[in-house]
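Student: See run_20.txt below, with compact mmCIF, C-alpha atoms.
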```txt
# COMPACT_ATOMS: atom_id res chain seq x y z
CA MET A 23 -0.59 -72.15 28.41
CA GLN A 24 -4.37 -72.40 28.17
CA ILE A 25 -6.34 -75.59 27.59
CA LEU A 26 -9.99 -74.89 26.87
CA PRO A 27 -12.39 -77.89 26.99
CA ALA A 28 -15.18 -78.42 24.43
CA GLU A 29 -14.17 -75.28 22.57
CA SER A 30 -15.97 -74.03 19.44
CA LEU A 31 -13.66 -73.79 16.43
CA ARG A 32 -15.83 -71.33 14.50
CA PRO A 33 -13.60 -68.35 15.50
CA TYR A 34 -10.52 -70.34 14.52
CA ASN A 35 -11.28 -71.13 10.87
CA SER A 36 -11.66 -68.57 8.09
CA LEU A 37 -14.65 -70.43 6.59
CA SER A 38 -16.48 -69.85 9.90
CA LEU A 39 -17.68 -73.45 9.98
CA GLU A 40 -19.25 -74.63 13.21
CA ALA A 41 -17.47 -77.50 14.93
CA SER A 42 -15.90 -78.07 18.32
CA ALA A 43 -12.73 -79.64 19.63
CA ALA A 44 -12.55 -81.89 22.66
CA ALA A 45 -10.05 -79.29 23.87
CA LEU A 46 -8.10 -76.36 22.46
CA ALA A 47 -4.56 -75.56 23.62
CA LEU A 48 -3.18 -72.06 23.18
CA VAL A 49 0.62 -72.21 23.52
CA ASP A 50 3.31 -69.54 23.30
CA THR A 51 6.55 -71.53 23.58
CA GLU A 52 7.93 -74.96 22.73
CA GLN A 53 7.99 -75.73 26.46
CA GLU A 54 4.26 -75.03 26.68
CA LEU A 55 3.73 -77.17 23.60
CA SER A 56 5.50 -80.06 25.34
CA LYS A 57 3.19 -79.68 28.34
CA ALA A 58 0.15 -79.67 26.05
CA LEU A 59 1.35 -82.86 24.36
CA ASP A 60 1.90 -84.50 27.76
CA TRP A 61 -1.66 -83.52 28.70
CA SER A 62 -3.06 -85.01 25.48
CA ARG A 63 -1.31 -88.33 26.13
CA ALA A 64 -2.70 -88.44 29.66
CA GLN A 65 -6.19 -87.81 28.29
CA GLY A 66 -5.82 -90.28 25.42
CA LEU A 67 -6.55 -87.58 22.85
CA ALA A 68 -5.19 -87.25 19.34
CA VAL A 69 -3.47 -83.94 18.55
CA LEU A 70 -4.20 -81.66 15.59
CA PRO A 71 -2.22 -78.48 14.90
CA LEU A 72 -4.16 -75.44 13.68
CA GLY A 73 -2.71 -72.12 12.57
CA GLN A 74 -5.12 -69.37 11.59
CA GLY A 75 -7.46 -71.93 10.03
CA SER A 76 -7.24 -70.21 6.65
CA ASN A 77 -6.67 -73.38 4.67
CA VAL A 78 -8.83 -75.99 6.37
CA VAL A 79 -12.33 -77.41 6.08
CA ILE A 80 -13.71 -78.78 9.35
CA VAL A 81 -16.64 -81.07 8.63
CA ASP A 82 -17.46 -82.37 12.11
CA ASP A 83 -16.55 -82.10 15.78
CA LEU A 84 -12.97 -83.20 16.50
CA GLU A 85 -12.28 -85.68 19.27
CA ALA A 86 -8.81 -84.24 19.66
CA LEU A 87 -6.67 -81.63 21.34
CA VAL A 88 -6.37 -78.86 18.78
CA VAL A 89 -3.11 -76.94 19.25
CA ARG A 90 -2.81 -73.31 18.25
CA GLN A 91 0.66 -71.76 18.53
CA GLN A 92 0.77 -68.07 19.40
CA GLY A 93 4.51 -67.41 19.61
CA THR A 94 5.65 -64.77 17.08
CA GLY A 95 8.80 -63.03 15.88
CA PHE A 96 12.08 -64.06 14.28
CA LYS A 97 15.79 -64.02 15.01
CA VAL A 98 18.85 -63.81 12.78
CA LEU A 99 20.78 -67.09 12.50
CA GLY A 100 23.52 -65.79 10.20
CA GLU A 101 24.22 -63.12 7.61
CA SER A 102 26.56 -62.06 4.84
CA ASP A 103 26.77 -59.16 2.40
CA HIS A 104 24.31 -60.95 0.13
CA GLU A 105 21.83 -62.82 2.34
CA VAL A 106 20.41 -63.28 5.82
CA SER A 107 19.16 -66.47 7.49
CA LEU A 108 16.21 -66.17 9.87
CA ARG A 109 14.40 -68.49 12.27
CA VAL A 110 10.73 -67.50 12.34
CA SER A 111 8.29 -68.68 15.02
CA ALA A 112 5.41 -70.82 13.78
CA GLY A 113 2.73 -68.53 15.21
CA GLN A 114 3.98 -65.49 13.29
CA ASP A 115 1.38 -64.04 10.91
CA TRP A 116 2.69 -64.63 7.38
CA HIS A 117 1.77 -61.28 5.82
CA SER A 118 3.25 -59.39 8.77
CA LEU A 119 6.50 -61.30 8.21
CA VAL A 120 6.54 -60.21 4.56
CA GLU A 121 6.02 -56.58 5.63
CA LYS A 122 8.70 -56.70 8.34
CA THR A 123 11.39 -58.35 6.24
CA LEU A 124 10.78 -56.00 3.32
CA GLY A 125 11.01 -53.04 5.71
CA GLN A 126 14.41 -54.32 6.90
CA GLY A 127 15.80 -54.62 3.37
CA LEU A 128 15.43 -58.40 3.17
CA TYR A 129 13.97 -59.45 -0.15
CA GLY A 130 12.27 -62.42 -1.81
CA LEU A 131 8.89 -62.75 -0.13
CA GLU A 132 7.18 -59.82 -1.90
CA ASN A 133 5.17 -62.01 -4.30
CA LEU A 134 3.77 -63.92 -1.31
CA ALA A 135 2.26 -60.83 0.32
CA LEU A 136 -1.27 -60.95 1.77
CA ILE A 137 -1.44 -64.75 1.85
CA PRO A 138 -3.45 -65.52 5.00
CA GLY A 139 -2.16 -67.87 7.66
CA THR A 140 0.84 -68.43 9.89
CA VAL A 141 4.47 -69.20 9.18
CA GLY A 142 4.06 -72.67 10.67
CA ALA A 143 1.37 -73.54 8.13
CA ALA A 144 3.28 -72.15 5.14
CA PRO A 145 5.59 -75.13 4.47
CA ILE A 146 2.71 -77.62 4.71
CA GLN A 147 1.09 -76.14 1.63
CA ASN A 148 4.33 -74.84 0.13
CA ILE A 149 2.47 -71.57 -0.35
CA GLY A 150 2.98 -69.78 -3.62
CA ALA A 151 1.67 -66.86 -5.64
CA TYR A 152 2.52 -64.81 -8.71
CA GLY A 153 5.35 -67.01 -9.90
CA VAL A 154 7.10 -67.61 -6.55
CA GLU A 155 6.85 -70.52 -4.09
CA LEU A 156 8.02 -70.70 -0.50
CA ASP A 157 10.39 -73.64 -0.93
CA ARG A 158 13.08 -71.55 -2.62
CA PHE A 159 13.63 -69.69 0.68
CA VAL A 160 13.36 -72.58 3.17
CA ARG A 161 16.58 -73.90 4.66
CA ALA A 162 15.05 -76.07 7.40
CA VAL A 163 11.86 -76.68 9.35
CA GLN A 164 11.91 -77.04 13.14
CA ALA A 165 9.28 -79.40 14.56
CA VAL A 166 8.21 -81.58 17.49
CA ASP A 167 7.17 -85.21 17.16
CA ILE A 168 3.64 -85.47 18.59
CA GLU A 169 4.05 -89.02 19.87
CA THR A 170 7.50 -88.77 21.46
CA GLY A 171 7.93 -85.03 22.07
CA GLU A 172 11.33 -85.21 20.32
CA HIS A 173 12.59 -82.04 18.60
CA LEU A 174 13.14 -82.60 14.88
CA VAL A 175 14.97 -80.63 12.19
CA LEU A 176 13.97 -81.29 8.58
CA THR A 177 16.17 -80.01 5.78
CA ARG A 178 14.66 -78.46 2.67
CA GLN A 179 15.20 -81.73 0.81
CA GLU A 180 13.51 -83.75 3.56
CA CYS A 181 10.45 -81.49 3.28
CA ALA A 182 9.85 -82.96 -0.22
CA PHE A 183 8.29 -79.77 -1.52
CA GLY A 184 6.11 -79.85 -4.61
CA TYR A 185 3.35 -77.74 -6.12
CA ARG A 186 1.15 -76.95 -3.06
CA ASP A 187 2.61 -80.07 -1.52
CA SER A 188 5.13 -81.34 1.02
CA VAL A 189 5.97 -84.28 3.27
CA PHE A 190 3.77 -82.62 5.90
CA LYS A 191 0.66 -83.49 3.86
CA HIS A 192 1.69 -87.13 3.52
CA GLU A 193 4.10 -89.17 5.67
CA LEU A 194 4.22 -86.56 8.44
CA ARG A 195 0.62 -85.44 8.37
CA ASP A 196 -0.60 -84.94 11.97
CA LYS A 197 2.56 -86.65 13.26
CA ILE A 198 4.58 -83.50 13.90
CA ILE A 199 3.94 -79.90 14.88
CA ILE A 200 6.05 -77.25 13.17
CA THR A 201 7.52 -74.83 15.71
CA ALA A 202 9.66 -72.59 13.48
CA VAL A 203 10.82 -72.19 9.89
CA ASP A 204 14.37 -71.23 8.86
CA LEU A 205 14.40 -68.92 5.84
CA CYS A 206 17.20 -67.42 3.76
CA LEU A 207 16.42 -64.01 2.24
CA SER A 208 18.43 -61.79 -0.07
CA ARG A 209 19.92 -58.37 0.57
CA GLU A 210 19.90 -57.79 -3.19
CA PRO A 211 16.65 -56.29 -4.58
CA VAL A 212 16.05 -58.80 -7.37
CA THR A 213 12.38 -59.08 -8.39
CA ALA A 214 10.24 -61.79 -10.01
CA VAL A 215 7.58 -60.25 -12.26
CA THR A 216 6.94 -62.86 -14.95
CA TYR A 217 3.41 -63.68 -13.78
CA PRO A 218 0.98 -62.05 -16.27
CA ALA A 219 -1.44 -60.47 -13.77
CA LEU A 220 1.44 -58.99 -11.80
CA GLN A 221 3.16 -57.66 -14.91
CA THR A 222 -0.10 -56.09 -16.06
CA GLU A 223 -0.59 -54.38 -12.70
CA LEU A 224 2.91 -52.90 -12.86
CA ASP A 225 2.48 -51.85 -16.49
CA ASP A 226 -0.82 -50.15 -15.72
CA SER A 227 0.95 -48.25 -12.96
CA GLY A 228 3.65 -47.11 -15.38
CA ILE A 229 6.37 -49.03 -13.54
CA ARG A 230 9.01 -50.42 -15.93
CA GLU A 231 11.81 -51.25 -13.49
CA PRO A 232 10.00 -52.37 -10.33
CA THR A 233 11.63 -52.43 -6.91
CA PRO A 234 10.68 -55.11 -4.35
CA ARG A 235 8.40 -52.50 -2.73
CA ASP A 236 6.67 -51.94 -6.10
CA VAL A 237 6.13 -55.69 -6.45
CA TYR A 238 4.77 -55.94 -2.92
CA CYS A 239 2.29 -53.10 -3.53
CA ALA A 240 1.22 -54.57 -6.88
CA VAL A 241 0.59 -58.01 -5.32
CA VAL A 242 -1.43 -56.49 -2.48
CA ASN A 243 -3.51 -54.46 -4.94
CA VAL A 244 -4.24 -57.46 -7.17
CA ARG A 245 -5.13 -59.76 -4.28
CA ARG A 246 -7.42 -57.21 -2.62
CA ARG A 247 -9.19 -56.58 -5.90
CA ARG A 248 -9.63 -60.24 -6.82
CA LEU A 249 -10.11 -62.08 -3.53
CA PRO A 250 -12.84 -61.47 -0.93
CA ASP A 251 -11.96 -60.65 2.67
CA PRO A 252 -12.67 -63.74 4.85
CA ALA A 253 -13.82 -61.42 7.65
CA GLU A 254 -16.68 -60.27 5.42
CA GLU A 255 -17.27 -63.36 3.27
CA PRO A 256 -15.95 -66.51 5.02
CA ASN A 257 -13.66 -68.41 2.67
CA ALA A 258 -10.39 -70.33 2.51
CA GLY A 259 -8.87 -68.56 -0.48
CA SER A 260 -8.20 -70.62 -3.59
CA PHE A 261 -10.07 -73.88 -3.04
CA PHE A 262 -8.64 -75.87 -5.97
CA LYS A 263 -5.10 -76.49 -7.20
CA ASN A 264 -4.28 -75.55 -10.78
CA PRO A 265 -4.14 -78.93 -12.54
CA VAL A 266 -1.03 -80.00 -14.42
CA ILE A 267 -1.73 -82.12 -17.51
CA GLU A 268 0.25 -83.80 -20.25
CA GLN A 269 1.22 -81.71 -23.26
CA ARG A 270 -0.77 -83.90 -25.68
CA GLN A 271 -3.97 -83.32 -23.73
CA ALA A 272 -3.24 -79.59 -23.48
CA GLU A 273 -2.77 -79.34 -27.24
CA ALA A 274 -6.06 -81.14 -27.87
CA LEU A 275 -7.93 -78.87 -25.45
CA SER A 276 -6.31 -75.77 -26.95
CA ARG A 277 -7.61 -76.77 -30.37
CA GLU A 278 -11.11 -77.10 -28.95
CA PHE A 279 -10.95 -74.15 -26.53
CA GLY A 280 -8.65 -71.60 -28.15
CA SER A 281 -8.83 -69.17 -25.25
CA MET A 282 -7.58 -71.65 -22.64
CA PRO A 283 -4.52 -70.22 -20.82
CA VAL A 284 -1.61 -72.63 -20.55
CA PHE A 285 1.70 -72.50 -18.67
CA VAL A 286 4.40 -74.94 -19.76
CA GLN A 287 6.31 -76.43 -16.80
CA GLN A 288 9.95 -77.49 -16.59
CA ASP A 289 9.00 -81.13 -17.21
CA ASN A 290 7.08 -80.05 -20.37
CA ARG A 291 3.76 -80.76 -18.77
CA VAL A 292 1.23 -77.94 -18.80
CA LYS A 293 -0.46 -76.11 -15.94
CA VAL A 294 -4.03 -74.95 -16.61
CA PRO A 295 -5.79 -72.36 -14.41
CA ALA A 296 -8.52 -74.11 -12.44
CA ALA A 297 -10.42 -70.80 -12.27
CA TRP A 298 -10.69 -70.72 -16.07
CA LEU A 299 -12.00 -74.29 -16.22
CA ILE A 300 -14.62 -73.62 -13.54
CA ASP A 301 -15.63 -70.30 -15.07
CA GLN A 302 -16.23 -71.89 -18.49
CA ILE A 303 -18.96 -74.10 -17.02
CA GLY A 304 -20.73 -71.19 -15.36
CA TRP A 305 -20.16 -71.86 -11.67
CA LYS A 306 -19.39 -68.26 -10.69
CA GLY A 307 -22.08 -66.94 -8.35
CA HIS A 308 -23.74 -70.34 -7.90
CA ARG A 309 -25.15 -71.06 -4.42
CA GLN A 310 -26.50 -74.21 -2.79
CA ASN A 311 -27.20 -75.25 0.81
CA GLY A 312 -25.80 -72.03 2.28
CA VAL A 313 -22.48 -72.16 0.41
CA GLY A 314 -21.46 -70.99 -3.02
CA VAL A 315 -18.87 -69.85 -5.55
CA HIS A 316 -17.81 -66.23 -5.25
CA PRO A 317 -19.19 -64.17 -8.17
CA GLY A 318 -15.83 -62.48 -8.71
CA HIS A 319 -13.47 -65.44 -8.50
CA ALA A 320 -14.30 -69.00 -9.52
CA LEU A 321 -11.64 -70.53 -7.23
CA VAL A 322 -13.13 -69.11 -4.04
CA LEU A 323 -15.88 -71.04 -2.25
CA VAL A 324 -17.80 -69.01 0.33
CA ASN A 325 -19.73 -70.03 3.42
CA TYR A 326 -22.68 -67.65 3.08
CA ALA A 327 -25.06 -69.01 5.69
CA GLY A 328 -24.20 -72.63 6.33
CA ASP A 329 -22.59 -74.36 9.26
CA SER A 330 -21.73 -77.49 7.36
CA GLY A 331 -18.30 -78.34 6.01
CA LYS A 332 -19.98 -81.29 4.33
CA ALA A 333 -22.09 -78.91 2.23
CA LEU A 334 -18.93 -77.12 1.14
CA LEU A 335 -17.22 -80.37 0.17
CA GLN A 336 -20.33 -81.44 -1.75
CA LEU A 337 -20.20 -78.20 -3.75
CA ALA A 338 -16.51 -78.82 -4.45
CA ALA A 339 -17.33 -82.37 -5.59
CA ASP A 340 -20.08 -81.10 -7.90
CA ILE A 341 -17.69 -78.58 -9.45
CA SER A 342 -14.98 -81.20 -9.88
CA ALA A 343 -17.39 -83.63 -11.53
CA SER A 344 -18.51 -81.05 -14.08
CA VAL A 345 -14.91 -80.07 -14.90
CA SER A 346 -14.01 -83.72 -15.34
CA GLU A 347 -16.98 -84.30 -17.63
CA ARG A 348 -16.29 -81.25 -19.78
CA PHE A 349 -12.48 -81.23 -19.95
CA ASP A 350 -11.40 -84.70 -18.72
CA ILE A 351 -9.36 -82.96 -16.03
CA ASN A 352 -9.50 -83.91 -12.35
CA LEU A 353 -9.40 -81.07 -9.83
CA GLU A 354 -7.80 -81.43 -6.43
CA ILE A 355 -8.78 -79.25 -3.50
CA GLU A 356 -6.14 -77.20 -1.67
CA PRO A 357 -7.46 -77.05 1.93
CA ARG A 358 -6.82 -79.79 4.45
CA VAL A 359 -10.00 -81.56 5.58
CA TYR A 360 -10.57 -82.44 9.24
CA GLY A 361 -13.40 -84.42 10.79
CA LEU A 362 -14.06 -87.06 8.14
CA PRO A 363 -14.12 -90.70 9.29
CA GLN A 364 -10.70 -92.33 8.98
```
Do you think you could lay out the structure here as structure tokens?
Tutor:
Amino acid sequence: MQILPAESLRPYNSLSLEASAAALALVDTEQELSKALDWSRAQGLAVLPLGQGSNVVIVDDLEALVVRQQGTGFKVLGESDHEVSLRVSAGQDWHSLVEKTLGQGLYGLENLALIPGTVGAAPIQNIGAYGVELDRFVRAVQAVDIETGEHLVLTRQECAFGYRDSVFKHELRDKIIITAVDLCLSREPVTAVTYPALQTELDDSGIREPTPRDVYCAVVNVRRRRLPDPAEEPNAGSFFKNPVIEQRQAEALSREFGSMPVFVQQDNRVKVPAAWLIDQIGWKGHRQNGVGVHPGHALVLVNYAGDSGKALLQLAADISASVSERFDINLEIEPRVYGLPQ
């Protein structure tokens, strides 16, 4: 275990925002995590978990022990002819997990390929892409209570998963640290290809009966074409959630804006692409105070030359205000924000 005092967090967040932590703990095992938590209590420091920092905005220095888990890999908990249950370490890179499971004939995660971040962060956001969300594969989440050090096991139901949401963003925010995630994957190569952009990619490739490997390759191709590499243009991926509105409002907007894409949900409400809303107002390519909107994707905010998370949040607020004024729709940001006054 390493505990680094007054450590810069710029290398640990994909937006490359400058901020520092009172201390940074790099831990490989749950035993090391327990020691780090004991140290934080002795120092009187709050504790904040941080994965690869691909879905956070840090707006100021953090008077806390920031914990980064580095343990990787997974083990088989149980298996049958149809499915396999795995326990995956929180520090495991998510995309590498998708590659490894696919290579071992374990299916289901293909649509979630190339999502940045760690396995431990995935349930917090209930990551999803191209018509598939993580929660359908989760059986349990292993965690440690920050205050007591007690090991906890949360069932899928207790995780209270929703669209880009979970109990970890609400009642359990910054109260627990996820140490592993239990997943159940299929041995049967059933694919999910209803998402329009994914179906188009497969059609353009002449693939009519896609295998899981075909879906994986199509997802990777689409994401690489549409989303900038954080290593070259610092960003946190999609910055806004796709809003879900009532059907009556969707019908009224469709009459006024005939080209507006709509996706009817199971509860008959309607999901509207946030990228389309933002694009209609002309935000693509806009820059201010060293940050801006990527010219190729309206959902991606980029840190071009700024050090300030506050400047990024101000840009997000300006975009949200204009969408609200034009469409009467409120946008909600996806990343977690650290460093604001409580």
Student: Find the distance between atom CA of A:His308 and atom CA of A:Glu40 and write it in Å to one decimal.
Tutor: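 Separation between atom CA of A:His308 and atom CA of A:Glu40: 22.0 Å.
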Student: Have a look at atom CA of A:Val324 and atom CA of A:Pro33 and let me know their distance in Å, one decimal.
Tutor: 15.8 Å
Student: I'd like to know which of A:Gly153, A:Gly127, A:Pro138, A:Pro27 is closest to A:Glu210, using only C-alpha atoms.
Tutor: A:Gly127
Student: Using all atoms listed in the file, pick whichever of A:Val294, A:Ala151, A:Val88, A:Leu128 has the shortest atom-to-atom distance to A:Ile199.
Tutor: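 Distance minimum relative to A:Ile199 lands on A:Val88.
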Student: Do you know which residues lie at most 10 Å from (8.4, -83.8, 20.4), with coordinates as in the file and all atoms listed in the file counted, and could you write them as number ranges by chain?
Tutor: A: 52, 55-56, 59-60, 165-174, 197-199
Student: Within 9 Å of A:Leu299, counting only C-alpha atoms, which residues show up once you throw out same-chain ones fewer than 4 positions away? Write them as a ChimeraX atom specification, please.
Tutor: /A:282,294-295,303,320,345,348-349
Student: Go ahead and write the selection's residues with C-alpha atoms as a short mmCIF file (atom, residue, chain, number, x, y, z; two decimals), in the frame of the given file.
Tutor:
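Generated file (part.cif):
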```cif
data_model
loop_
_atom_site.label_atom_id
_atom_site.label_comp_id
_atom_site.auth_asym_id
_atom_site.auth_seq_id
_atom_site.Cartn_x
_atom_site.Cartn_y
_atom_site.Cartn_z
CA MET A 282 -7.58 -71.65 -22.64
CA VAL A 294 -4.03 -74.95 -16.61
CA PRO A 295 -5.79 -72.36 -14.41
CA ILE A 303 -18.96 -74.10 -17.02
CA ALA A 320 -14.30 -69.00 -9.52
CA VAL A 345 -14.91 -80.07 -14.90
CA ARG A 348 -16.29 -81.25 -19.78
CA PHE A 349 -12.48 -81.23 -19.95
#
```
Student: Extract, using only C-alpha atoms, all DNA, RNA and protein residues at most 10 Å from stretch 263-266 of chain A, discarding same-chain residues fewer than 3 positions from it, and format them as a ChimeraX atom specification.
Tutor: /A:185-186,260,269,272,284-287,291-299,321,351-357
Student: Hey, which of A:Val49, A:Val212, A:Ile341, A:Cys239 ends up closest to A:Val120? Count only C-alpha atoms.
Tutor: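 Smallest distance to A:Val120 is found for A:Cys239.
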Student: Interatomic distance between atom CA of A:Leu194 and atom CA of A:Ala143?
Tutor: 13.3 Å
Student: Rank nothing, just name the residue among A:Leu335, A:Ala214, A:Ile267, A:Leu136 nearest to A:Val244, using all atoms listed in the file.
Tutor: A:Leu136
Student: For A:Asp115, list every protein, DNA or RNA residue within 8 Å, evaluated using only C-alpha atoms, and leave out those in the same chain fewer than 2 positions away; present the list as an mmCIF file with C-alpha atoms, in the coordinates of the input.
Tutor:
```cif
data_model
loop_
_atom_site.group_PDB
_atom_site.id
_atom_site.type_symbol
_atom_site.label_atom_id
_atom_site.label_comp_id
_atom_site.auth_asym_id
_atom_site.auth_seq_id
_atom_site.Cartn_x
_atom_site.Cartn_y
_atom_site.Cartn_z
ATOM 1 C CA THR A 94 5.650 -64.770 17.080
ATOM 2 C CA GLY A 113 2.730 -68.530 15.210
ATOM 3 C CA HIS A 117 1.770 -61.280 5.820
ATOM 4 C CA SER A 118 3.250 -59.390 8.770
ATOM 5 C CA LEU A 119 6.500 -61.300 8.210
ATOM 6 C CA PRO A 138 -3.450 -65.520 5.000
ATOM 7 C CA GLY A 139 -2.160 -67.870 7.660
ATOM 8 C CA THR A 140 0.840 -68.430 9.890
ATOM 9 C CA VAL A 141 4.470 -69.200 9.180
#
```
Student: Can you report as AutoDock Vina command-line options the centre and edge lengths in Å, to one decimal, of an axis-aligned box around the listed atoms of stretch 74-77 of chain A padded with 3 Å on each side?
Tutor:
```
--center_x -6.3 --center_y -71.4 --center_z 8.1 --size_x 8.3 --size_y 10.0 --size_z 12.9
```
Student: When you count all atoms listed in the file, which of these residues is closest to A:Val110: A:Ala86, A:Val322, A:Val315, A:Ala144?
Tutor: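 Checking each candidate against A:Val110, we get A:Ala144 as the closest.
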Student: Kindly extract all protein, DNA and RNA residues lying within 7 Å of the coordinates (-10.7, -79.5, 20.8) given in the file, considering only C-alpha atoms, and supply them as a list in words.
Tutor: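 The distance filter leaves exactly Pro27, Ala28, Glu29, Ser42, Ala43, Ala44, Ala45, Leu46, Leu84, Glu85, Ala86, Leu87 and Val88 of chain A.
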Student: Can you write just those residues out, C-alpha atoms, as a compact mmCIF listing (two decimals), in the coordinates of the input?
Tutor:
```txt
# COMPACT_ATOMS: atom_id res chain seq x y z
CA PRO A 27 -12.39 -77.89 26.99
CA ALA A 28 -15.18 -78.42 24.43
CA GLU A 29 -14.17 -75.28 22.57
CA SER A 42 -15.90 -78.07 18.32
CA ALA A 43 -12.73 -79.64 19.63
CA ALA A 44 -12.55 -81.89 22.66
CA ALA A 45 -10.05 -79.29 23.87
CA LEU A 46 -8.10 -76.36 22.46
CA LEU A 84 -12.97 -83.20 16.50
CA GLU A 85 -12.28 -85.68 19.27
CA ALA A 86 -8.81 -84.24 19.66
CA LEU A 87 -6.67 -81.63 21.34
CA VAL A 88 -6.37 -78.86 18.78
```
Student: So which residues touch stretch 35-39 of chain A within 10 Å, counting all atoms listed in the file, skipping near sequence neighbours fewer than 2 positions away, as a ChimeraX atom specification?
Tutor: /A:30-33,41-42,72-82,138-139,251-253,255-259,323-332,334
Student: So, with only C-alpha atoms as the atoms that count, which of A:Pro211, A:Pro145, A:Gly361, A:Gly304 lies closest to A:Glu132?
Tutor: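 Using only C-alpha atoms, the shortest distance to A:Glu132 belongs to A:Pro211.
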Student: Could you complete stretch 37-49 of chain A so that it carries N, CA and C atoms, and give it back as a PDB file, in the frame of the given file?
Tutor:
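Result written to out32.pdb:
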```
ATOM      1  N   LEU A  37     -13.363 -70.115   7.217  1.00  0.00           N
ATOM      2  CA  LEU A  37     -14.650 -70.430   6.590  1.00  0.00           C
ATOM      3  C   LEU A  37     -15.800 -70.286   7.580  1.00  0.00           C
ATOM      4  N   SER A  38     -15.476 -70.037   8.846  1.00  0.00           N
ATOM      5  CA  SER A  38     -16.480 -69.850   9.900  1.00  0.00           C
ATOM      6  C   SER A  38     -17.436 -71.033   9.980  1.00  0.00           C
ATOM      7  N   LEU A  39     -16.894 -72.228   9.867  1.00  0.00           N
ATOM      8  CA  LEU A  39     -17.680 -73.450   9.980  1.00  0.00           C
ATOM      9  C   LEU A  39     -17.818 -73.843  11.444  1.00  0.00           C
ATOM     10  N   GLU A  40     -19.011 -74.265  11.818  1.00  0.00           N
ATOM     11  CA  GLU A  40     -19.250 -74.630  13.210  1.00  0.00           C
ATOM     12  C   GLU A  40     -18.801 -76.059  13.468  1.00  0.00           C
ATOM     13  N   ALA A  41     -17.937 -76.202  14.449  1.00  0.00           N
ATOM     14  CA  ALA A  41     -17.470 -77.500  14.930  1.00  0.00           C
ATOM     15  C   ALA A  41     -16.777 -77.228  16.249  1.00  0.00           C
ATOM     16  N   SER A  42     -16.586 -78.256  17.039  1.00  0.00           N
ATOM     17  CA  SER A  42     -15.900 -78.070  18.320  1.00  0.00           C
ATOM     18  C   SER A  42     -14.783 -79.074  18.452  1.00  0.00           C
ATOM     19  N   ALA A  43     -13.817 -78.729  19.293  1.00  0.00           N
ATOM     20  CA  ALA A  43     -12.730 -79.640  19.630  1.00  0.00           C
ATOM     21  C   ALA A  43     -12.940 -80.167  21.033  1.00  0.00           C
ATOM     22  N   ALA A  44     -12.483 -81.379  21.295  1.00  0.00           N
ATOM     23  CA  ALA A  44     -12.550 -81.890  22.660  1.00  0.00           C
ATOM     24  C   ALA A  44     -11.850 -80.932  23.608  1.00  0.00           C
ATOM     25  N   ALA A  45     -10.751 -80.329  23.111  1.00  0.00           N
ATOM     26  CA  ALA A  45     -10.050 -79.290  23.870  1.00  0.00           C
ATOM     27  C   ALA A  45      -9.192 -78.495  22.899  1.00  0.00           C
ATOM     28  N   LEU A  46      -8.944 -77.252  23.261  1.00  0.00           N
ATOM     29  CA  LEU A  46      -8.100 -76.360  22.460  1.00  0.00           C
ATOM     30  C   LEU A  46      -6.971 -75.860  23.338  1.00  0.00           C
ATOM     31  N   ALA A  47      -5.733 -76.038  22.881  1.00  0.00           N
ATOM     32  CA  ALA A  47      -4.560 -75.560  23.620  1.00  0.00           C
ATOM     33  C   ALA A  47      -3.984 -74.337  22.920  1.00  0.00           C
ATOM     34  N   LEU A  48      -3.814 -73.269  23.687  1.00  0.00           N
ATOM     35  CA  LEU A  48      -3.180 -72.060  23.180  1.00  0.00           C
ATOM     36  C   LEU A  48      -1.792 -71.980  23.812  1.00  0.00           C
ATOM     37  N   VAL A  49      -0.747 -72.127  22.988  1.00  0.00           N
ATOM     38  CA  VAL A  49       0.620 -72.210  23.520  1.00  0.00           C
ATOM     39  C   VAL A  49       1.484 -71.108  22.930  1.00  0.00           C
TER      40      VAL A  49
END
```
